[in-house]
Structures are given as C-alpha cells and as structure tokens.
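So this block is upload22.txt, compact mmCIF, N, CA and C atoms and all ligand atoms:
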# COMPACT_ATOMS: atom_id res chain seq x y z
N MET A 1 0.84 -1.20 0.00
CA MET A 1 0.00 0.00 0.00
C MET A 1 0.88 1.25 0.00
N HIS A 2 0.70 2.04 -1.03
CA HIS A 2 1.49 3.24 -1.27
C HIS A 2 1.44 4.21 -0.08
N GLU A 3 0.24 4.38 0.47
CA GLU A 3 0.06 5.37 1.54
C GLU A 3 0.86 5.02 2.80
N MET A 4 1.08 3.72 3.01
CA MET A 4 1.87 3.31 4.17
C MET A 4 3.28 3.87 4.10
N SER A 5 3.90 3.77 2.94
CA SER A 5 5.26 4.26 2.82
C SER A 5 5.30 5.79 2.89
N ILE A 6 4.22 6.42 2.43
CA ILE A 6 4.14 7.88 2.55
C ILE A 6 4.10 8.30 4.02
N VAL A 7 3.25 7.60 4.78
CA VAL A 7 3.11 7.94 6.20
C VAL A 7 4.41 7.61 6.95
N GLN A 8 5.03 6.50 6.59
CA GLN A 8 6.31 6.15 7.19
C GLN A 8 7.32 7.28 6.97
N ALA A 9 7.40 7.76 5.74
CA ALA A 9 8.34 8.84 5.41
C ALA A 9 7.95 10.12 6.15
N LEU A 10 6.64 10.35 6.29
CA LEU A 10 6.16 11.53 6.99
C LEU A 10 6.59 11.51 8.45
N ILE A 11 6.40 10.38 9.10
CA ILE A 11 6.78 10.26 10.51
C ILE A 11 8.29 10.45 10.68
N GLU A 12 9.05 9.86 9.76
CA GLU A 12 10.51 10.04 9.83
C GLU A 12 10.90 11.49 9.64
N GLN A 13 10.19 12.17 8.75
CA GLN A 13 10.48 13.57 8.51
C GLN A 13 10.19 14.41 9.75
N VAL A 14 9.06 14.12 10.40
CA VAL A 14 8.69 14.83 11.62
C VAL A 14 9.74 14.60 12.71
N GLU A 15 10.13 13.33 12.86
CA GLU A 15 11.15 13.01 13.87
C GLU A 15 12.44 13.76 13.58
N GLY A 16 12.82 13.82 12.31
CA GLY A 16 14.04 14.52 11.91
C GLY A 16 13.97 16.01 12.21
N GLU A 17 12.80 16.61 11.88
CA GLU A 17 12.61 18.04 12.11
C GLU A 17 12.70 18.39 13.60
N ILE A 18 12.08 17.55 14.42
CA ILE A 18 12.05 17.80 15.85
C ILE A 18 13.46 17.67 16.43
N GLU A 19 14.16 16.65 15.97
CA GLU A 19 15.51 16.43 16.45
C GLU A 19 16.41 17.60 16.07
N ARG A 20 16.27 18.04 14.81
CA ARG A 20 17.09 19.13 14.33
C ARG A 20 16.80 20.43 15.10
N ALA A 21 15.54 20.61 15.49
CA ALA A 21 15.16 21.81 16.23
C ALA A 21 15.50 21.68 17.72
N GLY A 22 15.96 20.50 18.12
CA GLY A 22 16.31 20.29 19.53
C GLY A 22 15.10 20.27 20.43
N GLN A 23 13.95 19.90 19.89
CA GLN A 23 12.71 19.88 20.67
C GLN A 23 12.49 18.50 21.29
N THR A 24 11.73 18.49 22.35
CA THR A 24 11.42 17.20 22.98
C THR A 24 9.93 16.99 23.19
N GLY A 25 9.15 18.05 23.03
CA GLY A 25 7.70 17.95 23.32
C GLY A 25 6.98 17.03 22.36
N ARG A 26 5.80 16.65 22.75
CA ARG A 26 4.94 15.82 21.93
C ARG A 26 4.37 16.63 20.78
N VAL A 27 4.17 15.99 19.66
CA VAL A 27 3.54 16.67 18.53
C VAL A 27 2.03 16.68 18.75
N THR A 28 1.44 17.88 18.67
CA THR A 28 -0.01 17.97 18.90
C THR A 28 -0.79 18.10 17.60
N ARG A 29 -0.11 18.60 16.56
CA ARG A 29 -0.86 18.84 15.33
C ARG A 29 0.09 18.79 14.13
N LEU A 30 -0.36 18.15 13.09
CA LEU A 30 0.39 18.08 11.84
C LEU A 30 -0.50 18.57 10.72
N GLU A 31 0.06 19.37 9.85
CA GLU A 31 -0.72 19.80 8.70
C GLU A 31 -0.04 19.31 7.43
N LEU A 32 -0.80 18.59 6.65
CA LEU A 32 -0.26 17.97 5.45
C LEU A 32 -1.04 18.45 4.24
N ALA A 33 -0.33 18.89 3.23
CA ALA A 33 -0.98 19.32 1.99
C ALA A 33 -0.90 18.19 0.97
N ILE A 34 -2.05 17.75 0.52
CA ILE A 34 -2.10 16.71 -0.51
C ILE A 34 -2.76 17.32 -1.73
N GLY A 35 -1.98 17.60 -2.74
CA GLY A 35 -2.50 18.23 -3.95
C GLY A 35 -3.58 17.39 -4.60
N THR A 36 -4.53 18.07 -5.23
CA THR A 36 -5.66 17.37 -5.83
C THR A 36 -5.23 16.46 -6.99
N LEU A 37 -4.05 16.71 -7.55
CA LEU A 37 -3.57 15.87 -8.64
C LEU A 37 -2.52 14.86 -8.20
N SER A 38 -2.28 14.78 -6.91
CA SER A 38 -1.18 13.92 -6.44
C SER A 38 -1.51 12.44 -6.53
N GLY A 39 -2.80 12.10 -6.65
CA GLY A 39 -3.18 10.70 -6.73
C GLY A 39 -3.18 10.01 -5.37
N VAL A 40 -2.96 10.79 -4.31
CA VAL A 40 -2.93 10.22 -2.97
C VAL A 40 -4.29 10.45 -2.30
N HIS A 41 -4.82 9.41 -1.67
CA HIS A 41 -6.13 9.53 -1.04
C HIS A 41 -5.99 9.89 0.43
N ALA A 42 -6.63 10.96 0.82
CA ALA A 42 -6.54 11.44 2.20
C ALA A 42 -7.05 10.38 3.17
N ASP A 43 -8.11 9.67 2.81
CA ASP A 43 -8.67 8.64 3.70
C ASP A 43 -7.64 7.54 3.97
N SER A 44 -6.93 7.15 2.95
CA SER A 44 -5.91 6.11 3.11
C SER A 44 -4.76 6.61 3.97
N ILE A 45 -4.43 7.90 3.81
CA ILE A 45 -3.37 8.49 4.62
C ILE A 45 -3.79 8.48 6.09
N ARG A 46 -5.04 8.87 6.34
CA ARG A 46 -5.54 8.88 7.72
C ARG A 46 -5.51 7.48 8.32
N PHE A 47 -5.94 6.51 7.53
CA PHE A 47 -5.97 5.13 7.98
C PHE A 47 -4.56 4.65 8.31
N ALA A 48 -3.63 4.90 7.43
CA ALA A 48 -2.24 4.49 7.64
C ALA A 48 -1.66 5.21 8.86
N PHE A 49 -2.03 6.49 9.00
CA PHE A 49 -1.53 7.28 10.13
C PHE A 49 -2.00 6.70 11.46
N GLU A 50 -3.27 6.28 11.50
CA GLU A 50 -3.81 5.69 12.73
C GLU A 50 -3.12 4.37 13.06
N LEU A 51 -2.78 3.63 12.02
CA LEU A 51 -2.09 2.35 12.23
C LEU A 51 -0.66 2.54 12.70
N MET A 52 0.00 3.54 12.16
CA MET A 52 1.44 3.64 12.34
C MET A 52 1.90 4.63 13.40
N SER A 53 1.01 5.54 13.81
CA SER A 53 1.46 6.57 14.75
C SER A 53 1.70 6.08 16.18
N PRO A 54 0.97 5.06 16.67
CA PRO A 54 1.23 4.63 18.05
C PRO A 54 2.70 4.28 18.29
N GLY A 55 3.23 4.80 19.38
CA GLY A 55 4.62 4.51 19.70
C GLY A 55 5.61 5.45 19.04
N THR A 56 5.11 6.34 18.20
CA THR A 56 6.00 7.32 17.57
C THR A 56 5.73 8.71 18.16
N VAL A 57 6.54 9.66 17.70
CA VAL A 57 6.45 11.02 18.20
C VAL A 57 5.11 11.69 17.82
N VAL A 58 4.42 11.15 16.83
CA VAL A 58 3.16 11.76 16.39
C VAL A 58 1.93 11.05 16.95
N GLU A 59 2.16 10.20 17.95
CA GLU A 59 1.09 9.38 18.50
C GLU A 59 -0.18 10.16 18.85
N GLN A 60 0.00 11.34 19.47
CA GLN A 60 -1.15 12.12 19.93
C GLN A 60 -1.54 13.24 18.97
N ALA A 61 -0.89 13.28 17.84
CA ALA A 61 -1.08 14.43 16.96
C ALA A 61 -2.40 14.36 16.20
N GLU A 62 -2.98 15.53 16.05
CA GLU A 62 -4.14 15.66 15.18
C GLU A 62 -3.62 15.85 13.76
N LEU A 63 -4.14 15.07 12.83
CA LEU A 63 -3.68 15.18 11.45
C LEU A 63 -4.67 16.02 10.66
N VAL A 64 -4.17 17.14 10.14
CA VAL A 64 -5.02 18.03 9.35
C VAL A 64 -4.55 17.96 7.90
N ILE A 65 -5.46 17.65 7.01
CA ILE A 65 -5.09 17.49 5.61
C ILE A 65 -5.76 18.57 4.77
N THR A 66 -4.97 19.28 3.99
CA THR A 66 -5.52 20.27 3.08
C THR A 66 -5.29 19.81 1.64
N HIS A 67 -6.08 20.36 0.74
CA HIS A 67 -6.00 19.95 -0.66
C HIS A 67 -5.79 21.14 -1.59
N PRO A 68 -4.54 21.55 -1.75
CA PRO A 68 -4.30 22.66 -2.68
C PRO A 68 -4.70 22.28 -4.10
N ALA A 69 -5.37 23.21 -4.78
CA ALA A 69 -5.85 22.94 -6.13
C ALA A 69 -4.76 23.22 -7.16
N ALA A 70 -4.88 22.58 -8.29
CA ALA A 70 -3.98 22.84 -9.41
C ALA A 70 -4.55 23.95 -10.28
N HIS A 71 -3.66 24.68 -10.92
CA HIS A 71 -4.09 25.73 -11.84
C HIS A 71 -3.52 25.47 -13.23
N LEU A 72 -4.37 25.64 -14.19
CA LEU A 72 -3.93 25.56 -15.57
C LEU A 72 -3.73 26.98 -16.08
N THR A 73 -2.69 27.20 -16.86
CA THR A 73 -2.52 28.48 -17.53
C THR A 73 -2.42 28.21 -19.02
N CYS A 74 -3.28 28.87 -19.77
CA CYS A 74 -3.29 28.68 -21.22
C CYS A 74 -2.49 29.81 -21.88
N ARG A 75 -1.50 29.43 -22.67
CA ARG A 75 -0.69 30.44 -23.34
C ARG A 75 -1.38 30.97 -24.59
N GLN A 76 -2.45 30.29 -24.98
CA GLN A 76 -3.16 30.69 -26.20
C GLN A 76 -4.17 31.79 -25.89
N CYS A 77 -5.03 31.55 -24.91
CA CYS A 77 -6.11 32.50 -24.64
C CYS A 77 -5.98 33.18 -23.29
N GLY A 78 -5.02 32.75 -22.48
CA GLY A 78 -4.81 33.42 -21.20
C GLY A 78 -5.69 32.95 -20.08
N ALA A 79 -6.54 31.96 -20.33
CA ALA A 79 -7.38 31.43 -19.25
C ALA A 79 -6.51 30.79 -18.18
N ALA A 80 -6.95 30.91 -16.91
CA ALA A 80 -6.17 30.32 -15.82
C ALA A 80 -7.10 29.71 -14.77
N PRO A 81 -7.86 28.71 -15.16
CA PRO A 81 -8.81 28.11 -14.21
C PRO A 81 -8.15 27.13 -13.24
N GLU A 82 -8.84 26.91 -12.12
CA GLU A 82 -8.47 25.80 -11.25
C GLU A 82 -8.96 24.53 -11.92
N ILE A 83 -8.18 23.47 -11.83
CA ILE A 83 -8.64 22.22 -12.45
C ILE A 83 -8.69 21.11 -11.41
N PRO A 84 -9.79 20.35 -11.39
CA PRO A 84 -9.97 19.29 -10.40
C PRO A 84 -9.21 18.03 -10.78
N GLU A 85 -8.86 17.89 -12.05
CA GLU A 85 -8.13 16.71 -12.47
C GLU A 85 -7.20 17.09 -13.62
N LEU A 86 -6.27 16.19 -13.89
CA LEU A 86 -5.30 16.47 -14.93
C LEU A 86 -5.96 16.47 -16.30
N ILE A 87 -5.78 17.56 -17.03
CA ILE A 87 -6.32 17.61 -18.38
C ILE A 87 -5.23 18.05 -19.34
N MET A 88 -5.40 17.75 -20.60
CA MET A 88 -4.34 17.96 -21.58
C MET A 88 -4.57 19.17 -22.48
N ALA A 89 -5.76 19.77 -22.37
CA ALA A 89 -6.05 20.90 -23.23
C ALA A 89 -6.82 21.96 -22.46
N CYS A 90 -6.69 23.20 -22.90
CA CYS A 90 -7.41 24.30 -22.27
C CYS A 90 -8.91 24.10 -22.38
N PRO A 91 -9.65 24.17 -21.25
CA PRO A 91 -11.11 23.98 -21.31
C PRO A 91 -11.81 25.13 -22.02
N ALA A 92 -11.15 26.28 -22.13
CA ALA A 92 -11.79 27.44 -22.74
C ALA A 92 -11.64 27.42 -24.26
N CYS A 93 -10.43 27.12 -24.77
CA CYS A 93 -10.21 27.23 -26.21
C CYS A 93 -9.71 25.94 -26.85
N GLY A 94 -9.39 24.95 -26.03
CA GLY A 94 -8.97 23.67 -26.60
C GLY A 94 -7.49 23.59 -26.96
N SER A 95 -6.75 24.67 -26.72
CA SER A 95 -5.32 24.65 -27.03
C SER A 95 -4.58 23.69 -26.12
N THR A 96 -3.54 23.07 -26.64
CA THR A 96 -2.71 22.21 -25.80
C THR A 96 -1.45 22.95 -25.34
N ASP A 97 -1.38 24.22 -25.66
CA ASP A 97 -0.24 25.03 -25.24
C ASP A 97 -0.50 25.56 -23.82
N ILE A 98 -0.41 24.65 -22.87
CA ILE A 98 -0.80 24.98 -21.49
C ILE A 98 0.30 24.58 -20.51
N THR A 99 0.27 25.19 -19.36
CA THR A 99 1.12 24.73 -18.26
C THR A 99 0.21 24.48 -17.06
N ILE A 100 0.61 23.53 -16.25
CA ILE A 100 -0.16 23.20 -15.05
C ILE A 100 0.75 23.37 -13.85
N ALA A 101 0.27 24.12 -12.88
CA ALA A 101 1.08 24.39 -11.69
C ALA A 101 0.32 23.98 -10.44
N GLY A 102 1.05 23.44 -9.48
CA GLY A 102 0.45 23.08 -8.20
C GLY A 102 -0.40 21.82 -8.31
N GLY A 103 -0.94 21.41 -7.18
CA GLY A 103 -1.86 20.30 -7.17
C GLY A 103 -1.22 18.92 -7.11
N THR A 104 0.07 18.85 -7.36
CA THR A 104 0.72 17.54 -7.34
C THR A 104 1.55 17.35 -6.07
N ASP A 105 1.55 18.35 -5.21
CA ASP A 105 2.43 18.31 -4.05
C ASP A 105 1.93 17.40 -2.95
N LEU A 106 2.88 16.86 -2.23
CA LEU A 106 2.57 16.16 -1.00
C LEU A 106 3.56 16.74 0.01
N LEU A 107 3.07 17.64 0.84
CA LEU A 107 3.97 18.43 1.65
C LEU A 107 3.56 18.48 3.11
N LEU A 108 4.53 18.30 3.97
CA LEU A 108 4.32 18.53 5.38
C LEU A 108 4.45 20.03 5.59
N GLN A 109 3.37 20.69 6.02
CA GLN A 109 3.38 22.14 6.10
C GLN A 109 3.64 22.66 7.51
N THR A 110 3.04 22.02 8.48
CA THR A 110 3.14 22.53 9.85
C THR A 110 3.34 21.40 10.83
N ILE A 111 4.21 21.63 11.79
CA ILE A 111 4.34 20.72 12.93
C ILE A 111 4.13 21.57 14.18
N GLU A 112 3.15 21.22 14.98
CA GLU A 112 2.96 21.92 16.24
C GLU A 112 3.31 21.03 17.41
N LEU A 113 4.08 21.58 18.33
CA LEU A 113 4.50 20.83 19.51
C LEU A 113 3.83 21.38 20.75
N GLU A 114 3.58 20.50 21.71
CA GLU A 114 3.06 21.00 22.99
C GLU A 114 4.20 21.70 23.70
N ASP A 115 3.84 22.63 24.54
CA ASP A 115 4.86 23.33 25.32
C ASP A 115 5.47 22.37 26.31
N SER A 116 6.80 22.35 26.29
CA SER A 116 7.45 21.44 27.23
C SER A 116 8.12 22.23 28.34
ZN ZN B 1 -7.08 28.56 -23.85
Kindly present the structure from the file in structure tokens form.
Ligand SMILES: [Zn+2]
Amino acid sequence: MHEMSIVQALIEQVEGEIERAGQTGRVTRLELAIGTLSGVHADSIRFAFELMSPGTVVEQAELVITHPAAHLTCRQCGAAPEIPELIMACPACGSTDITIAGGTDLLLQTIELEDS
C-alpha cells in the first residue's frame, strides 16, 4: 500500500525536524498538503496514520489534511482556471499550449509541539 510508505516517510520527517530543532515535546498537530492531482487519497493516509502513529512522536497528533488545487494556464487564450483533475487541453479554447502548476504536491506544512 502506497500510503503506508508515505506515512512512514512523513513520521521520519517529523522526527528529523524535531531532532534538528532540539525539541522534545509531543507533537499535537500536523498539517499535510495533498495536492488534488497527487493521486494520494486522504482517507488512506488517515488510515495508515492511525495504524502507524502509536509509539511514535506523532502518537497524539491531530492530522489536518488540506488539498491545494492545481491551476492551468493557457498560453493561447490566457485562461487560468483551477482544475480538479489532470487535463491535456485548455477547457476554454482547446489549445494544448498549457502549463499546469500546483496540485501535485505532498507536503508537510506545519508541525505543532506542545509546550514542554
Ligand atoms: Zn485557452
């Protein structure tokens, strides 16, 4: 299961960040950005997180997941809509001269620690 390895990497990243910051407190909140085009399912991430967090530094953490949207920019007509899924042509004019930005990220955005 793909999401398991993602959560494993996430927990390791959190542990690394805390160690580097010289912190010892418990993690109370994690904010994770899962782009709408990343192909990662938030439900599966939550499920994997519940399975894997016990015994780790994120055991008590609340997991908050956000979904940044992707934007298409059309070089032909200048349209710049948000897109819910990956598309190959501009929805306004049909041109394939487009760029797509954002939406594919899987990013740990925030780590909150309890006061120690
Ligand atoms: Zn266009």
**OP:** Give me the residues within 8 Å of Ala89 in chain A as JSON, numbers by chain, counting only N, CA and C atoms and dropping any in the same chain fewer than 6 places off.
**Re:** {"A": [74, 95, 96, 97, 98]}
Please check which residues have atoms at most 8 Å from (3.0, 20.3, 20.8) in the file's coordinates, counting all atoms listed in the file, and write them as a PDB file with N, CA and C atoms, keeping the file's coordinate frame.
ATOM      1  N   GLY A  25       9.150  18.050  23.030  1.00  0.00           N
ATOM      2  CA  GLY A  25       7.700  17.950  23.320  1.00  0.00           C
ATOM      3  C   GLY A  25       6.980  17.030  22.360  1.00  0.00           C
ATOM      4  N   ARG A  26       5.800  16.650  22.750  1.00  0.00           N
ATOM      5  CA  ARG A  26       4.940  15.820  21.930  1.00  0.00           C
ATOM      6  C   ARG A  26       4.370  16.630  20.780  1.00  0.00           C
ATOM      7  N   VAL A  27       4.170  15.990  19.660  1.00  0.00           N
ATOM      8  CA  VAL A  27       3.540  16.670  18.530  1.00  0.00           C
ATOM      9  C   VAL A  27       2.030  16.680  18.750  1.00  0.00           C
ATOM     10  N   THR A  28       1.440  17.880  18.670  1.00  0.00           N
ATOM     11  CA  THR A  28      -0.010  17.970  18.900  1.00  0.00           C
ATOM     12  C   THR A  28      -0.790  18.100  17.600  1.00  0.00           C
ATOM     13  N   ARG A  29      -0.110  18.600  16.560  1.00  0.00           N
ATOM     14  CA  ARG A  29      -0.860  18.840  15.330  1.00  0.00           C
ATOM     15  C   ARG A  29       0.090  18.790  14.130  1.00  0.00           C
ATOM     16  N   ILE A 111       4.210  21.630  11.790  1.00  0.00           N
ATOM     17  CA  ILE A 111       4.340  20.720  12.930  1.00  0.00           C
ATOM     18  C   ILE A 111       4.130  21.570  14.180  1.00  0.00           C
ATOM     19  N   GLU A 112       3.150  21.220  14.980  1.00  0.00           N
ATOM     20  CA  GLU A 112       2.960  21.920  16.240  1.00  0.00           C
ATOM     21  C   GLU A 112       3.310  21.030  17.410  1.00  0.00           C
ATOM     22  N   LEU A 113       4.080  21.580  18.330  1.00  0.00           N
ATOM     23  CA  LEU A 113       4.500  20.830  19.510  1.00  0.00           C
ATOM     24  C   LEU A 113       3.830  21.380  20.750  1.00  0.00           C
ATOM     25  N   GLU A 114       3.580  20.500  21.710  1.00  0.00           N
ATOM     26  CA  GLU A 114       3.060  21.000  22.990  1.00  0.00           C
ATOM     27  C   GLU A 114       4.200  21.700  23.700  1.00  0.00           C
ATOM     28  N   ASP A 115       3.840  22.630  24.540  1.00  0.00           N
ATOM     29  CA  ASP A 115       4.860  23.330  25.320  1.00  0.00           C
ATOM     30  C   ASP A 115       5.470  22.370  26.310  1.00  0.00           C
ATOM     31  N   SER A 116       6.800  22.350  26.290  1.00  0.00           N
ATOM     32  CA  SER A 116       7.450  21.440  27.230  1.00  0.00           C
ATOM     33  C   SER A 116       8.120  22.230  28.340  1.00  0.00           C
TER      34      SER A 116
END
**OP:** For Ser38 in chain A, work out the shell of residues within 6.5 Å, counting only N, CA and C atoms and skipping chain neighbours fewer than 2 positions away, then give it as a PyMOL selection string.
**Re:** chain A and resi 34-36+40+103-105
Subject >> Separation of atom C of Ala9 in chain A from CA of Gln23 in chain A in Å >> reply: 18.1 Å
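If all atoms listed in the file are the atoms counted, then among A:Val64, A:Cys93, A:Leu51, A:Ala70 the closest residue to ligand ZN 1 (chain B) is A:Cys93.
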**OP:** Identify, counting all atoms listed in the file, the protein, DNA and RNA residues located within 6 Å of ligand ZN 1 (chain B), and give them as a VMD selection string.
**Re:** chain A and resid 74 to 79 90 to 95
As a PDB file with N, CA and C atoms, in the frame of the given file, which residues of chain A does DSSP assign to alpha helix (DSSP H)?
ATOM      1  N   HIS A   2       0.700   2.040  -1.030  1.00  0.00           N
ATOM      2  CA  HIS A   2       1.490   3.240  -1.270  1.00  0.00           C
ATOM      3  C   HIS A   2       1.440   4.210  -0.080  1.00  0.00           C
ATOM      4  N   GLU A   3       0.240   4.380   0.470  1.00  0.00           N
ATOM      5  CA  GLU A   3       0.060   5.370   1.540  1.00  0.00           C
ATOM      6  C   GLU A   3       0.860   5.020   2.800  1.00  0.00           C
ATOM      7  N   MET A   4       1.080   3.720   3.010  1.00  0.00           N
ATOM      8  CA  MET A   4       1.870   3.310   4.170  1.00  0.00           C
ATOM      9  C   MET A   4       3.280   3.870   4.100  1.00  0.00           C
ATOM     10  N   SER A   5       3.900   3.770   2.940  1.00  0.00           N
ATOM     11  CA  SER A   5       5.260   4.260   2.820  1.00  0.00           C
ATOM     12  C   SER A   5       5.300   5.790   2.890  1.00  0.00           C
ATOM     13  N   ILE A   6       4.220   6.420   2.430  1.00  0.00           N
ATOM     14  CA  ILE A   6       4.140   7.880   2.550  1.00  0.00           C
ATOM     15  C   ILE A   6       4.100   8.300   4.020  1.00  0.00           C
ATOM     16  N   VAL A   7       3.250   7.600   4.780  1.00  0.00           N
ATOM     17  CA  VAL A   7       3.110   7.940   6.200  1.00  0.00           C
ATOM     18  C   VAL A   7       4.410   7.610   6.950  1.00  0.00           C
ATOM     19  N   GLN A   8       5.030   6.500   6.590  1.00  0.00           N
ATOM     20  CA  GLN A   8       6.310   6.150   7.190  1.00  0.00           C
ATOM     21  C   GLN A   8       7.320   7.280   6.970  1.00  0.00           C
ATOM     22  N   ALA A   9       7.400   7.760   5.740  1.00  0.00           N
ATOM     23  CA  ALA A   9       8.340   8.840   5.410  1.00  0.00           C
ATOM     24  C   ALA A   9       7.950  10.120   6.150  1.00  0.00           C
ATOM     25  N   LEU A  10       6.640  10.350   6.290  1.00  0.00           N
ATOM     26  CA  LEU A  10       6.160  11.530   6.990  1.00  0.00           C
ATOM     27  C   LEU A  10       6.590  11.510   8.450  1.00  0.00           C
ATOM     28  N   ILE A  11       6.400  10.380   9.100  1.00  0.00           N
ATOM     29  CA  ILE A  11       6.780  10.260  10.510  1.00  0.00           C
ATOM     30  C   ILE A  11       8.290  10.450  10.680  1.00  0.00           C
ATOM     31  N   GLU A  12       9.050   9.860   9.760  1.00  0.00           N
ATOM     32  CA  GLU A  12      10.510  10.040   9.830  1.00  0.00           C
ATOM     33  C   GLU A  12      10.900  11.490   9.640  1.00  0.00           C
ATOM     34  N   GLN A  13      10.190  12.170   8.750  1.00  0.00           N
ATOM     35  CA  GLN A  13      10.480  13.570   8.510  1.00  0.00           C
ATOM     36  C   GLN A  13      10.190  14.410   9.750  1.00  0.00           C
ATOM     37  N   VAL A  14       9.060  14.120  10.400  1.00  0.00           N
ATOM     38  CA  VAL A  14       8.690  14.830  11.620  1.00  0.00           C
ATOM     39  C   VAL A  14       9.740  14.600  12.710  1.00  0.00           C
ATOM     40  N   GLU A  15      10.130  13.330  12.860  1.00  0.00           N
ATOM     41  CA  GLU A  15      11.150  13.010  13.870  1.00  0.00           C
ATOM     42  C   GLU A  15      12.440  13.760  13.580  1.00  0.00           C
ATOM     43  N   GLY A  16      12.820  13.820  12.310  1.00  0.00           N
ATOM     44  CA  GLY A  16      14.040  14.520  11.910  1.00  0.00           C
ATOM     45  C   GLY A  16      13.970  16.010  12.210  1.00  0.00           C
ATOM     46  N   GLU A  17      12.800  16.610  11.880  1.00  0.00           N
ATOM     47  CA  GLU A  17      12.610  18.040  12.110  1.00  0.00           C
ATOM     48  C   GLU A  17      12.700  18.390  13.600  1.00  0.00           C
ATOM     49  N   ILE A  18      12.080  17.550  14.420  1.00  0.00           N
ATOM     50  CA  ILE A  18      12.050  17.800  15.850  1.00  0.00           C
ATOM     51  C   ILE A  18      13.460  17.670  16.430  1.00  0.00           C
ATOM     52  N   GLU A  19      14.160  16.650  15.970  1.00  0.00           N
ATOM     53  CA  GLU A  19      15.510  16.430  16.450  1.00  0.00           C
ATOM     54  C   GLU A  19      16.410  17.600  16.070  1.00  0.00           C
ATOM     55  N   ARG A  20      16.270  18.040  14.810  1.00  0.00           N
ATOM     56  CA  ARG A  20      17.090  19.130  14.330  1.00  0.00           C
ATOM     57  C   ARG A  20      16.800  20.430  15.100  1.00  0.00           C
ATOM     58  N   ALA A  21      15.540  20.610  15.490  1.00  0.00           N
ATOM     59  CA  ALA A  21      15.160  21.810  16.230  1.00  0.00           C
ATOM     60  C   ALA A  21      15.500  21.680  17.720  1.00  0.00           C
ATOM     61  N   ALA A  42      -6.630  10.960   0.820  1.00  0.00           N
ATOM     62  CA  ALA A  42      -6.540  11.440   2.200  1.00  0.00           C
ATOM     63  C   ALA A  42      -7.050  10.380   3.170  1.00  0.00           C
ATOM     64  N   ASP A  43      -8.110   9.670   2.810  1.00  0.00           N
ATOM     65  CA  ASP A  43      -8.670   8.640   3.700  1.00  0.00           C
ATOM     66  C   ASP A  43      -7.640   7.540   3.970  1.00  0.00           C
ATOM     67  N   SER A  44      -6.930   7.150   2.950  1.00  0.00           N
ATOM     68  CA  SER A  44      -5.910   6.110   3.110  1.00  0.00           C
ATOM     69  C   SER A  44      -4.760   6.610   3.970  1.00  0.00           C
ATOM     70  N   ILE A  45      -4.430   7.900   3.810  1.00  0.00           N
ATOM     71  CA  ILE A  45      -3.370   8.490   4.620  1.00  0.00           C
ATOM     72  C   ILE A  45      -3.790   8.480   6.090  1.00  0.00           C
ATOM     73  N   ARG A  46      -5.040   8.870   6.340  1.00  0.00           N
ATOM     74  CA  ARG A  46      -5.540   8.880   7.720  1.00  0.00           C
ATOM     75  C   ARG A  46      -5.510   7.480   8.320  1.00  0.00           C
ATOM     76  N   PHE A  47      -5.940   6.510   7.530  1.00  0.00           N
ATOM     77  CA  PHE A  47      -5.970   5.130   7.980  1.00  0.00           C
ATOM     78  C   PHE A  47      -4.560   4.650   8.310  1.00  0.00           C
ATOM     79  N   ALA A  48      -3.630   4.900   7.430  1.00  0.00           N
ATOM     80  CA  ALA A  48      -2.240   4.490   7.640  1.00  0.00           C
ATOM     81  C   ALA A  48      -1.660   5.210   8.860  1.00  0.00           C
ATOM     82  N   PHE A  49      -2.030   6.490   9.000  1.00  0.00           N
ATOM     83  CA  PHE A  49      -1.530   7.280  10.130  1.00  0.00           C
ATOM     84  C   PHE A  49      -2.000   6.700  11.460  1.00  0.00           C
ATOM     85  N   GLU A  50      -3.270   6.280  11.500  1.00  0.00           N
ATOM     86  CA  GLU A  50      -3.810   5.690  12.730  1.00  0.00           C
ATOM     87  C   GLU A  50      -3.120   4.370  13.060  1.00  0.00           C
ATOM     88  N   LEU A  51      -2.780   3.630  12.020  1.00  0.00           N
ATOM     89  CA  LEU A  51      -2.090   2.350  12.230  1.00  0.00           C
ATOM     90  C   LEU A  51      -0.660   2.540  12.700  1.00  0.00           C
ATOM     91  N   MET A  52       0.000   3.540  12.160  1.00  0.00           N
ATOM     92  CA  MET A  52       1.440   3.640  12.340  1.00  0.00           C
ATOM     93  C   MET A  52       1.900   4.630  13.400  1.00  0.00           C
TER      94      MET A  52
END
